[in-house]
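Structure data follow from structure08.txt (compact mmCIF, N, CA and C atoms and all ligand atoms):
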```
# COMPACT_ATOMS: atom_id res chain seq x y z
N MET M 1 -18.83 8.16 4.76
CA MET M 1 -17.99 9.32 5.09
C MET M 1 -16.52 8.99 4.83
N ALA M 2 -15.77 9.94 4.31
CA ALA M 2 -14.35 9.70 4.03
C ALA M 2 -13.64 9.24 5.29
N GLY M 3 -12.82 8.24 5.13
CA GLY M 3 -12.04 7.73 6.26
C GLY M 3 -12.72 6.58 6.98
N GLU M 4 -14.05 6.47 6.85
CA GLU M 4 -14.78 5.38 7.53
C GLU M 4 -14.58 4.06 6.76
N PRO M 5 -14.57 2.92 7.48
CA PRO M 5 -14.46 1.64 6.79
C PRO M 5 -15.61 1.43 5.80
N GLN M 6 -15.29 0.85 4.65
CA GLN M 6 -16.29 0.59 3.60
C GLN M 6 -16.55 -0.91 3.56
N ALA M 7 -17.81 -1.28 3.62
CA ALA M 7 -18.19 -2.70 3.73
C ALA M 7 -17.72 -3.51 2.52
N ASP M 8 -17.65 -2.87 1.36
CA ASP M 8 -17.31 -3.62 0.14
C ASP M 8 -15.83 -3.45 -0.24
N CYS M 9 -15.00 -3.00 0.69
CA CYS M 9 -13.60 -2.72 0.35
C CYS M 9 -12.68 -3.82 0.87
N LEU M 10 -11.95 -4.45 -0.06
CA LEU M 10 -11.04 -5.56 0.31
C LEU M 10 -10.02 -5.12 1.35
N PHE M 11 -9.42 -3.93 1.16
CA PHE M 11 -8.35 -3.55 2.09
C PHE M 11 -8.91 -3.13 3.45
N CYS M 12 -10.12 -2.60 3.51
CA CYS M 12 -10.76 -2.38 4.83
C CYS M 12 -10.95 -3.73 5.53
N LYS M 13 -11.28 -4.76 4.75
CA LYS M 13 -11.47 -6.11 5.34
C LYS M 13 -10.14 -6.67 5.83
N ILE M 14 -9.04 -6.36 5.13
CA ILE M 14 -7.72 -6.80 5.61
C ILE M 14 -7.38 -6.07 6.91
N VAL M 15 -7.66 -4.76 6.96
CA VAL M 15 -7.42 -3.99 8.19
C VAL M 15 -8.22 -4.59 9.35
N ALA M 16 -9.45 -4.98 9.07
CA ALA M 16 -10.35 -5.54 10.11
C ALA M 16 -10.04 -7.00 10.42
N LYS M 17 -9.07 -7.57 9.70
CA LYS M 17 -8.66 -8.98 9.85
C LYS M 17 -9.79 -9.95 9.46
N GLU M 18 -10.68 -9.48 8.60
CA GLU M 18 -11.73 -10.35 8.05
C GLU M 18 -11.22 -11.13 6.84
N VAL M 19 -10.15 -10.60 6.22
CA VAL M 19 -9.46 -11.27 5.11
C VAL M 19 -8.00 -11.40 5.53
N PRO M 20 -7.40 -12.60 5.38
CA PRO M 20 -6.02 -12.78 5.84
C PRO M 20 -5.02 -12.09 4.91
N ALA M 21 -3.89 -11.72 5.47
CA ALA M 21 -2.80 -11.15 4.68
C ALA M 21 -1.50 -11.47 5.40
N THR M 22 -0.41 -11.47 4.63
CA THR M 22 0.91 -11.68 5.22
C THR M 22 1.46 -10.32 5.61
N VAL M 23 1.24 -9.97 6.85
CA VAL M 23 1.60 -8.63 7.34
C VAL M 23 3.09 -8.59 7.65
N VAL M 24 3.77 -7.56 7.15
CA VAL M 24 5.21 -7.41 7.43
C VAL M 24 5.49 -6.26 8.39
N ARG M 25 4.60 -5.28 8.46
CA ARG M 25 4.75 -4.18 9.42
C ARG M 25 3.36 -3.65 9.74
N GLU M 26 3.23 -3.12 10.96
CA GLU M 26 1.97 -2.49 11.34
C GLU M 26 2.28 -1.34 12.27
N THR M 27 1.60 -0.21 12.07
CA THR M 27 1.68 0.92 13.00
C THR M 27 0.25 1.28 13.39
N GLU M 28 0.12 2.30 14.22
CA GLU M 28 -1.22 2.74 14.64
C GLU M 28 -2.08 3.14 13.44
N THR M 29 -1.43 3.68 12.40
CA THR M 29 -2.18 4.24 11.28
C THR M 29 -2.02 3.48 9.96
N THR M 30 -1.09 2.53 9.90
CA THR M 30 -0.79 1.86 8.61
C THR M 30 -0.65 0.36 8.79
N LEU M 31 -0.79 -0.33 7.66
CA LEU M 31 -0.56 -1.78 7.61
C LEU M 31 0.25 -2.05 6.34
N ALA M 32 1.25 -2.91 6.44
CA ALA M 32 2.05 -3.31 5.26
C ALA M 32 1.98 -4.82 5.14
N PHE M 33 1.62 -5.30 3.95
CA PHE M 33 1.46 -6.75 3.74
C PHE M 33 1.91 -7.10 2.32
N ARG M 34 2.26 -8.39 2.14
CA ARG M 34 2.78 -8.82 0.83
C ARG M 34 1.65 -8.87 -0.21
N ASP M 35 1.99 -8.37 -1.41
CA ASP M 35 1.03 -8.44 -2.52
C ASP M 35 0.79 -9.91 -2.87
N ILE M 36 -0.45 -10.27 -3.11
CA ILE M 36 -0.82 -11.65 -3.40
C ILE M 36 -0.31 -12.10 -4.78
N ASN M 37 0.02 -11.15 -5.63
CA ASN M 37 0.49 -11.45 -7.00
C ASN M 37 1.77 -10.64 -7.26
N PRO M 38 2.87 -11.07 -6.60
CA PRO M 38 4.08 -10.21 -6.59
C PRO M 38 4.69 -10.02 -7.98
N GLN M 39 5.12 -8.79 -8.23
CA GLN M 39 5.75 -8.42 -9.51
C GLN M 39 7.26 -8.25 -9.37
N ALA M 40 7.79 -8.49 -8.18
CA ALA M 40 9.23 -8.37 -7.90
C ALA M 40 9.50 -9.17 -6.63
N PRO M 41 10.77 -9.51 -6.36
CA PRO M 41 11.07 -10.27 -5.14
C PRO M 41 10.52 -9.60 -3.88
N THR M 42 10.63 -8.28 -3.81
CA THR M 42 9.93 -7.52 -2.77
C THR M 42 8.75 -6.82 -3.43
N HIS M 43 7.54 -7.17 -3.00
CA HIS M 43 6.34 -6.46 -3.46
C HIS M 43 5.37 -6.41 -2.28
N VAL M 44 5.43 -5.28 -1.61
CA VAL M 44 4.65 -5.08 -0.38
C VAL M 44 3.71 -3.90 -0.62
N LEU M 45 2.50 -4.01 -0.11
CA LEU M 45 1.54 -2.90 -0.16
C LEU M 45 1.50 -2.23 1.20
N VAL M 46 1.60 -0.91 1.20
CA VAL M 46 1.46 -0.14 2.45
C VAL M 46 0.17 0.64 2.34
N ILE M 47 -0.72 0.44 3.29
CA ILE M 47 -2.03 1.11 3.23
C ILE M 47 -2.28 1.89 4.52
N PRO M 48 -3.04 2.97 4.41
CA PRO M 48 -3.55 3.60 5.63
C PRO M 48 -4.68 2.73 6.18
N LYS M 49 -4.83 2.70 7.47
CA LYS M 49 -5.95 1.93 8.04
C LYS M 49 -7.28 2.59 7.72
N VAL M 50 -7.27 3.91 7.57
CA VAL M 50 -8.50 4.61 7.18
C VAL M 50 -8.72 4.47 5.68
N HIS M 51 -9.99 4.51 5.30
CA HIS M 51 -10.33 4.34 3.88
C HIS M 51 -10.36 5.69 3.15
N HIS M 52 -9.54 5.79 2.11
CA HIS M 52 -9.63 6.87 1.11
C HIS M 52 -9.40 6.21 -0.23
N PRO M 53 -10.05 6.67 -1.29
CA PRO M 53 -10.01 5.91 -2.54
C PRO M 53 -8.67 5.90 -3.26
N ASP M 54 -7.84 6.91 -3.03
CA ASP M 54 -6.53 6.94 -3.70
C ASP M 54 -5.58 7.82 -2.90
N ALA M 55 -4.33 7.83 -3.34
CA ALA M 55 -3.28 8.50 -2.56
C ALA M 55 -3.51 10.00 -2.44
N ALA M 56 -3.93 10.64 -3.54
CA ALA M 56 -4.11 12.09 -3.50
C ALA M 56 -5.27 12.46 -2.58
N SER M 57 -6.34 11.65 -2.60
CA SER M 57 -7.48 11.91 -1.69
C SER M 57 -7.04 11.76 -0.24
N LEU M 58 -6.22 10.76 0.02
CA LEU M 58 -5.69 10.58 1.37
C LEU M 58 -4.87 11.80 1.79
N ALA M 59 -3.97 12.24 0.91
CA ALA M 59 -3.09 13.36 1.24
C ALA M 59 -3.89 14.65 1.47
N ALA M 60 -4.96 14.83 0.69
CA ALA M 60 -5.78 16.04 0.85
C ALA M 60 -6.54 16.01 2.18
N ALA M 61 -7.02 14.82 2.55
CA ALA M 61 -7.88 14.72 3.74
C ALA M 61 -7.07 14.54 5.02
N GLU M 62 -6.01 13.75 4.95
CA GLU M 62 -5.26 13.39 6.17
C GLU M 62 -3.77 13.33 5.85
N PRO M 63 -3.16 14.54 5.66
CA PRO M 63 -1.77 14.57 5.19
C PRO M 63 -0.79 13.86 6.11
N GLU M 64 -1.04 13.87 7.42
CA GLU M 64 -0.09 13.19 8.32
C GLU M 64 -0.09 11.68 8.08
N ILE M 65 -1.26 11.15 7.74
CA ILE M 65 -1.32 9.70 7.49
C ILE M 65 -0.70 9.38 6.13
N ALA M 66 -0.84 10.29 5.16
CA ALA M 66 -0.15 10.08 3.88
C ALA M 66 1.36 10.04 4.12
N ALA M 67 1.85 10.90 5.00
CA ALA M 67 3.29 10.87 5.33
C ALA M 67 3.65 9.57 6.04
N ASP M 68 2.77 9.09 6.88
CA ASP M 68 3.02 7.80 7.56
C ASP M 68 3.19 6.68 6.53
N VAL M 69 2.33 6.69 5.49
CA VAL M 69 2.41 5.65 4.45
C VAL M 69 3.78 5.71 3.76
N LEU M 70 4.22 6.92 3.42
CA LEU M 70 5.52 7.06 2.74
C LEU M 70 6.66 6.63 3.65
N ARG M 71 6.60 7.04 4.92
CA ARG M 71 7.66 6.65 5.86
C ARG M 71 7.71 5.13 5.99
N GLU M 72 6.54 4.53 6.11
CA GLU M 72 6.49 3.06 6.25
C GLU M 72 6.98 2.36 4.98
N ALA M 73 6.74 2.95 3.82
CA ALA M 73 7.25 2.37 2.58
C ALA M 73 8.78 2.28 2.65
N GLY M 74 9.40 3.33 3.15
CA GLY M 74 10.86 3.32 3.33
C GLY M 74 11.30 2.29 4.36
N GLU M 75 10.53 2.15 5.43
CA GLU M 75 10.87 1.17 6.47
C GLU M 75 10.75 -0.26 5.92
N VAL M 76 9.74 -0.49 5.09
CA VAL M 76 9.59 -1.81 4.47
C VAL M 76 10.82 -2.10 3.61
N ALA M 77 11.23 -1.14 2.78
CA ALA M 77 12.40 -1.35 1.91
C ALA M 77 13.63 -1.64 2.75
N ALA M 78 13.80 -0.92 3.84
CA ALA M 78 14.96 -1.15 4.72
C ALA M 78 14.89 -2.55 5.32
N GLN M 79 13.71 -2.94 5.76
CA GLN M 79 13.52 -4.27 6.37
C GLN M 79 13.82 -5.37 5.36
N GLU M 80 13.49 -5.09 4.08
CA GLU M 80 13.72 -6.07 3.01
C GLU M 80 15.12 -5.94 2.42
N GLN M 81 15.92 -5.04 3.00
CA GLN M 81 17.30 -4.79 2.56
C GLN M 81 17.36 -4.39 1.09
N SER M 82 16.37 -3.60 0.66
CA SER M 82 16.35 -3.03 -0.69
C SER M 82 16.81 -1.58 -0.58
N ASP M 83 18.02 -1.28 -1.08
CA ASP M 83 18.42 0.13 -1.04
C ASP M 83 17.99 0.86 -2.30
N SER M 84 17.61 0.11 -3.35
CA SER M 84 16.96 0.70 -4.53
C SER M 84 15.58 0.07 -4.63
N TYR M 85 14.60 0.91 -4.72
CA TYR M 85 13.23 0.39 -4.75
C TYR M 85 12.33 1.44 -5.39
N ARG M 86 11.10 1.06 -5.68
CA ARG M 86 10.15 1.99 -6.29
C ARG M 86 8.87 2.00 -5.47
N ILE M 87 8.34 3.20 -5.24
CA ILE M 87 7.04 3.37 -4.58
C ILE M 87 6.06 3.80 -5.67
N VAL M 88 4.98 3.03 -5.84
CA VAL M 88 4.01 3.30 -6.92
C VAL M 88 2.62 3.45 -6.33
N PHE M 89 1.93 4.50 -6.77
CA PHE M 89 0.51 4.67 -6.43
C PHE M 89 -0.28 4.67 -7.74
N ASN M 90 -0.76 3.53 -8.17
CA ASN M 90 -1.62 3.51 -9.36
C ASN M 90 -2.90 4.26 -9.01
N THR M 91 -3.30 5.17 -9.88
CA THR M 91 -4.48 5.99 -9.61
C THR M 91 -5.36 6.01 -10.84
N GLY M 92 -6.55 5.39 -10.72
CA GLY M 92 -7.49 5.31 -11.83
C GLY M 92 -7.32 4.00 -12.59
N THR M 93 -8.43 3.54 -13.16
CA THR M 93 -8.41 2.24 -13.84
C THR M 93 -7.42 2.23 -15.01
N GLY M 94 -7.27 3.35 -15.71
CA GLY M 94 -6.36 3.42 -16.85
C GLY M 94 -4.90 3.23 -16.44
N ALA M 95 -4.60 3.47 -15.18
CA ALA M 95 -3.24 3.30 -14.66
C ALA M 95 -3.10 1.97 -13.92
N GLY M 96 -4.16 1.15 -13.95
CA GLY M 96 -4.05 -0.17 -13.35
C GLY M 96 -4.57 -0.27 -11.93
N GLN M 97 -5.22 0.80 -11.42
CA GLN M 97 -5.76 0.69 -10.06
C GLN M 97 -6.97 -0.25 -10.06
N THR M 98 -6.92 -1.25 -9.20
CA THR M 98 -8.01 -2.22 -9.10
C THR M 98 -8.65 -2.22 -7.72
N VAL M 99 -7.94 -1.72 -6.72
CA VAL M 99 -8.49 -1.64 -5.35
C VAL M 99 -8.54 -0.15 -4.99
N PHE M 100 -9.74 0.32 -4.69
CA PHE M 100 -9.93 1.76 -4.50
C PHE M 100 -9.90 2.12 -3.01
N HIS M 101 -8.82 1.67 -2.39
CA HIS M 101 -8.40 2.05 -1.03
C HIS M 101 -6.93 2.39 -1.20
N ALA M 102 -6.54 3.62 -0.87
CA ALA M 102 -5.18 4.09 -1.15
C ALA M 102 -4.13 3.06 -0.72
N HIS M 103 -3.14 2.85 -1.59
CA HIS M 103 -2.06 1.92 -1.24
C HIS M 103 -0.82 2.25 -2.03
N ALA M 104 0.31 2.12 -1.36
CA ALA M 104 1.61 2.24 -2.00
C ALA M 104 2.13 0.86 -2.30
N HIS M 105 2.53 0.63 -3.57
CA HIS M 105 3.29 -0.58 -3.89
C HIS M 105 4.76 -0.28 -3.60
N VAL M 106 5.42 -1.14 -2.85
CA VAL M 106 6.87 -1.03 -2.65
C VAL M 106 7.50 -2.21 -3.40
N LEU M 107 8.24 -1.89 -4.45
CA LEU M 107 8.82 -2.91 -5.33
C LEU M 107 10.34 -2.83 -5.26
N GLY M 108 10.97 -3.99 -5.11
CA GLY M 108 12.43 -4.01 -5.05
C GLY M 108 12.94 -5.42 -5.15
N GLY M 109 14.25 -5.55 -5.01
CA GLY M 109 14.87 -6.87 -5.04
C GLY M 109 15.28 -7.31 -6.43
N ARG M 110 15.07 -6.45 -7.41
CA ARG M 110 15.57 -6.70 -8.78
C ARG M 110 15.75 -5.35 -9.45
N GLY M 111 16.43 -5.32 -10.58
CA GLY M 111 16.53 -4.09 -11.35
C GLY M 111 15.16 -3.68 -11.84
N LEU M 112 14.88 -2.39 -11.85
CA LEU M 112 13.55 -1.89 -12.25
C LEU M 112 13.72 -1.00 -13.47
N GLN M 113 12.93 -1.28 -14.50
CA GLN M 113 13.01 -0.51 -15.75
C GLN M 113 12.49 0.91 -15.55
N TRP M 114 13.11 1.85 -16.28
CA TRP M 114 12.58 3.21 -16.35
C TRP M 114 12.65 3.66 -17.80
N PRO M 115 11.61 4.24 -18.40
CA PRO M 115 10.31 4.49 -17.78
C PRO M 115 9.50 3.22 -17.62
N PRO M 116 8.56 3.20 -16.64
CA PRO M 116 7.71 2.04 -16.45
C PRO M 116 6.69 1.96 -17.59
N GLY M 117 6.05 0.82 -17.75
CA GLY M 117 5.06 0.66 -18.82
C GLY M 117 3.75 1.33 -18.50
P1 LIG M 201 -3.70 -1.81 -7.78
O1 LIG M 201 -3.89 -2.67 -9.01
O2 LIG M 201 -2.65 -0.74 -7.89
O3 LIG M 201 -5.04 -1.28 -7.29
O4 LIG M 201 -3.13 -2.77 -6.66
C1 LIG M 201 -3.91 -3.72 -6.01
C2 LIG M 201 -2.97 -4.83 -5.63
O5 LIG M 201 -3.62 -5.62 -4.64
C3 LIG M 201 -2.62 -5.77 -6.78
O6 LIG M 201 -1.21 -5.75 -6.99
C4 LIG M 201 -3.11 -7.14 -6.29
O7 LIG M 201 -2.24 -8.20 -6.63
C5 LIG M 201 -3.17 -6.93 -4.79
N1 LIG M 201 -4.12 -7.77 -4.07
C6 LIG M 201 -5.38 -8.09 -4.44
N2 LIG M 201 -5.96 -8.86 -3.49
C7 LIG M 201 -5.03 -9.03 -2.51
C8 LIG M 201 -5.01 -9.73 -1.27
N3 LIG M 201 -6.08 -10.42 -0.83
N4 LIG M 201 -3.88 -9.70 -0.53
C9 LIG M 201 -2.79 -9.04 -0.97
N5 LIG M 201 -2.75 -8.33 -2.11
C10 LIG M 201 -3.85 -8.34 -2.88
ZN ZN M 202 -11.06 0.56 2.30
```

Output the file's structure as structure tokens, nothing else.
Ligand code: AMP
Ligand code: ZN
Amino acid sequence: MAGEPQADCLFCKIVAKEVPATVVRETETTLAFRDINPQAPTHVLVIPKVHHPDAASLAAAEPEIAADVLREAGEVAAQEQSDSYRIVFNTGTGAGQTVFHAHAHVLGGRGLQWPPG
């Protein structure tokens, strides 16, 4: 069922503390932790604790939690003292999505190219 923990999902396992992560922020509905393969000095993933496969599915099913993810992305950037940063939701394998539990990448701490690749 949408929103329920998925046994084969890496980020559900991080939420359940079955897989370790370097957590930088936590709220009732979200978890923020450092990406294991950082692409910038600040590279933090913000995830909803509930399982949805991508950002749009999360927003359709639980819009308040989608807003929580965005708010927390801003809080992470502030905590990391990044006043310029990028929030990315890769969606679909062609766009580089590899973990099918909604997550925001928060990237900062260096100049960021536009348009992205
Ligand atoms: P995406 O490719 O957009 O689905 O993003 C998934 C991200 O999860 C990638 O940037 C990975 O480096 C990151 N990742 C994979 N495994 C872990 C882990 N155990 N802890 C933290 N980040 C991870
Ligand atoms: Zn999950």

Exercise for the section: In Å, rounded to a single decimal, give me how far CA of Asp35 in chain M is from CA of Pro20 in chain M. Expected result: 11.8 Å

Practice task
Identify, counting all atoms listed in the file, the protein, DNA and RNA residues located within 6 Å of ligand LIG 201 (chain M), and give them as number ranges by chain.
Solution key: M: 21, 34-38, 89-90, 96-100

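With all atoms listed in the file as the basis for measurement, M:His101 is the residue among M:Ala78, M:Phe33, M:Gln113, M:His101 that approaches Leu10 in chain M most closely.
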
Handout entry: Surroundings of ligand ZN 202 (chain M) up to 5 Å, based on all atoms listed in the file, as JSON, numbers by chain
Key = {"M": [6, 9, 11, 12, 51, 101]}

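Nearest-residue note for Glu28 in chain M: choosing from M:Ala61, M:Val50, M:Ala67, M:Ala55, the minimum distance belongs to M:Val50, counting all atoms listed in the file.
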
Problem - Nearest-residue call for Ala16 in chain M, choices M:Ala95, M:Leu31, M:Ala56, M:Ile87, using only C-alpha atoms - result: M:Leu31

Practice task
Per DSSP on the backbone, filter chain M down to the residues in alpha helix (DSSP H) and report them as a PyMOL selection string.
Solution key: chain M and resi 10-15+55-61+63-79

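Counting only N, CA and C atoms, Gly111 in chain M has the following residues at most 8 Å away, ignoring those fewer than 3 positions along the same chain: Ser84, Gly108 and Trp114 of chain M.
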
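In this model, the gap between atom C of Glu4 in chain M and atom C of Val19 in chain M comes to 16.8 Å.
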
Practice task
Could you tell me, as a PyMOL selection string, which residues of range 7-97 of chain M DSSP assigns to strand (DSSP E or B) when given the backbone?
Solution key: chain M and resi 23-26+30-34+42-48+51+85-88

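Counting only C-alpha atoms and comparing M:Glu18, M:Arg25, M:Val88, M:Pro48, the residue that lies closest to Glu64 in chain M is M:Pro48.
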
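Each of M:Leu70, M:Ala2, M:Leu112, M:Ala102 was compared to Pro53 in chain M using only C-alpha atoms, and M:Ala102 turns out to be the nearest.
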